[in-house]
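J.: File follows, entry_13.txt with compact mmCIF, C-alpha atoms:
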# COMPACT_ATOMS: atom_id res chain seq x y z
CA LEU A 1 -0.17 -52.86 120.04
CA ALA A 2 2.27 -52.57 122.94
CA ALA A 3 2.91 -56.32 122.83
CA THR A 4 3.86 -56.30 119.14
CA PRO A 5 7.33 -55.56 117.75
CA VAL A 6 6.16 -52.30 116.15
CA GLY A 7 4.58 -51.24 119.42
CA ARG A 8 7.94 -51.46 121.16
CA GLU A 9 9.82 -49.33 118.62
CA ASP A 10 10.98 -45.82 119.42
CA GLY A 11 9.10 -42.99 117.72
CA GLY A 12 5.61 -42.69 116.41
CA LEU A 13 3.52 -45.45 114.94
CA SER A 14 1.73 -44.83 111.67
CA GLY A 15 0.50 -46.49 108.53
CA PRO A 16 -0.88 -50.00 108.03
CA PRO A 17 -0.10 -51.29 111.56
CA LEU A 18 -2.79 -48.89 112.82
CA ARG A 19 -5.49 -49.69 110.27
CA ASP A 20 -7.51 -52.29 112.19
CA LEU A 21 -7.45 -50.34 115.44
CA ALA A 22 -8.29 -47.09 113.63
CA LEU A 23 -11.21 -48.72 111.79
CA ALA A 24 -12.60 -50.20 115.01
CA THR A 25 -12.26 -46.84 116.76
CA THR A 26 -13.98 -45.04 113.88
CA ARG A 27 -16.84 -47.54 114.02
CA ASP A 28 -17.14 -47.16 117.82
CA ILE A 29 -17.17 -43.34 117.66
CA TYR A 30 -19.79 -43.42 114.90
CA ARG A 31 -22.01 -45.68 117.00
CA LEU A 32 -21.50 -43.69 120.20
CA THR A 33 -22.36 -40.40 118.47
CA ARG A 34 -25.12 -42.01 116.38
CA GLY A 35 -23.49 -40.50 113.31
CA ARG A 36 -24.29 -36.96 114.41
CA ILE A 37 -20.77 -35.55 114.17
CA PRO A 38 -18.32 -35.67 111.27
CA ILE A 39 -15.46 -38.12 111.77
CA ILE A 40 -12.13 -37.92 109.97
CA GLY A 41 -10.85 -41.45 109.45
CA CYS A 42 -7.09 -41.92 109.42
CA GLY A 43 -4.54 -44.61 110.09
CA GLY A 44 -3.21 -46.99 107.49
CA ILE A 45 -5.13 -45.77 104.45
CA THR A 46 -3.08 -46.89 101.46
CA SER A 47 -5.76 -47.74 98.90
CA ALA A 48 -9.26 -46.96 97.73
CA GLU A 49 -10.41 -50.12 99.50
CA ASP A 50 -9.01 -48.79 102.78
CA ALA A 51 -10.67 -45.41 102.30
CA LEU A 52 -14.01 -47.06 101.54
CA ALA A 53 -13.69 -49.25 104.66
CA PHE A 54 -13.31 -46.07 106.73
CA ALA A 55 -16.40 -44.56 105.11
CA ARG A 56 -18.39 -47.69 105.85
CA ALA A 57 -17.11 -47.56 109.44
CA GLY A 58 -18.48 -44.03 109.76
CA ALA A 59 -15.85 -41.60 108.49
CA SER A 60 -17.25 -38.53 106.77
CA PHE A 61 -13.77 -37.76 105.48
CA VAL A 62 -10.42 -39.56 105.33
CA GLN A 63 -6.91 -38.28 105.83
CA ILE A 64 -3.89 -39.89 104.27
CA TYR A 65 -0.40 -39.08 105.36
CA SER A 66 2.08 -41.94 105.47
CA SER A 67 1.08 -43.41 102.11
CA MET A 68 1.28 -40.00 100.45
CA THR A 69 4.65 -39.35 102.07
CA LEU A 70 5.96 -42.71 100.86
CA ASP A 71 4.27 -42.85 97.43
CA GLY A 72 4.02 -39.15 96.55
CA PRO A 73 1.15 -36.73 95.94
CA GLY A 74 -0.22 -38.87 93.09
CA LYS A 75 -1.51 -41.22 95.78
CA VAL A 76 -4.48 -38.91 96.32
CA ARG A 77 -5.64 -39.24 92.70
CA GLU A 78 -5.02 -42.99 92.76
CA ILE A 79 -7.25 -43.41 95.81
CA LYS A 80 -9.91 -41.01 94.42
CA ASP A 81 -10.03 -42.81 91.06
CA GLY A 82 -10.26 -46.16 92.81
CA LEU A 83 -13.13 -44.89 94.95
CA VAL A 84 -15.06 -43.79 91.88
CA ASP A 85 -14.82 -47.38 90.58
CA LEU A 86 -15.66 -48.99 93.93
CA LEU A 87 -18.65 -46.76 94.63
CA LYS A 88 -20.25 -47.71 91.29
CA GLY A 89 -22.32 -44.55 91.01
CA ARG A 90 -23.08 -44.24 94.72
CA ARG A 91 -22.02 -41.17 96.65
CA TRP A 92 -19.60 -41.19 99.59
CA ALA A 93 -22.44 -40.05 101.86
CA ASP A 94 -24.47 -43.11 100.82
CA VAL A 95 -21.98 -45.50 102.43
CA VAL A 96 -20.89 -43.56 105.54
CA GLY A 97 -21.64 -45.70 108.56
CA GLU A 98 -23.25 -48.62 106.73
CA ASP A 99 -21.01 -51.14 108.56
CA ALA A 100 -21.54 -49.46 111.92
CA LYS A 101 -25.32 -49.60 112.06
What does this structure look like when you write it as structure tokens?

T.:
Amino acid sequence: LAATPVGREDGGLSGPPLRDLALATTRDIYRLTRGRIPIIGCGGITSAEDALAFARAGASFVQIYSSMTLDGPGKVREIKDGLVDLLKGRRWADVVGEDAK
């Protein structure tokens, strides 16, 4: 990230620019711990699809911050409702780590 324009900006880096790195890190931690510890996925989660990608990478939970700050507290319900549709009757626990195995 240091070589990118956002990586050279003053202040913290958050939101979508972190998503790919955060997903890869979540997947690596899940593999290294063999899924034995809970992982909180965060970094660039702006949609139900993003949240589900973190679950599949190994996140037991997800944290949203920037998208809720920018879009308001209704973002939580929007993501939750989208997850219900995407999971199609499966449980969150059913998909945790399925892309990291």

J.: Which neighbours of Ile64 (chain A) fall inside 10 Å, counting all atoms listed in the file, when residues of the same chain fewer than 6 positions from it are skipped, and could you give them as a list of chain:residue names?

T.: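 The neighbour list is A:Gly15, A:Gly41, A:Cys42, A:Gly43, A:Gly44, A:Ile45, A:Thr46, A:Ser47, A:Ala51, A:Lys75, A:Val76, A:Ile79.
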
J.: Which is closer to Ala53 (chain A) than all the others in A:Arg34, A:Lys101, A:Arg91, A:Arg27, using all atoms listed in the file?

T.: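 Between A:Arg34, A:Lys101, A:Arg91, A:Arg27, the residue approaching Ala53 (chain A) most closely is A:Arg27.
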
J.: Which residue is closest to Ser60 (chain A)? Choose from A:Ile40, A:Ala48, A:Val95, A:Ala22 and count all atoms listed in the file.

T.: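 The shortest atom-to-atom distance to Ser60 (chain A) comes from A:Ile40.
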
J.: Mind giving me the straight-line distance from CA of Ala57 (chain A) to CA of Thr4 (chain A) in Å, one decimal?

T.: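 If I compute the distance from CA of Ala57 (chain A) to CA of Thr4 (chain A), I get 24.7 Å.
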
J.: Please compute the CA of Val62 (chain A)-CA of Lys88 (chain A) distance, one decimal, in Å.

T.: 19.0 Å

J.: Could you state the separation of CA of Tyr30 (chain A) and CA of Arg77 (chain A) in Å, given to one decimal place?

T.: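 Taking CA of Tyr30 (chain A) as the start and CA of Arg77 (chain A) as the end point, the length is 26.7 Å.
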
J.: Counting only C-alpha atoms, select every polymer residue within 9 Å of (-19.6, -43.8, 106.9) as defined in the file's coordinates, and provide the selection as a ChimeraX atom specification.

T.: /A:27,30,35,39,52-61,92-100
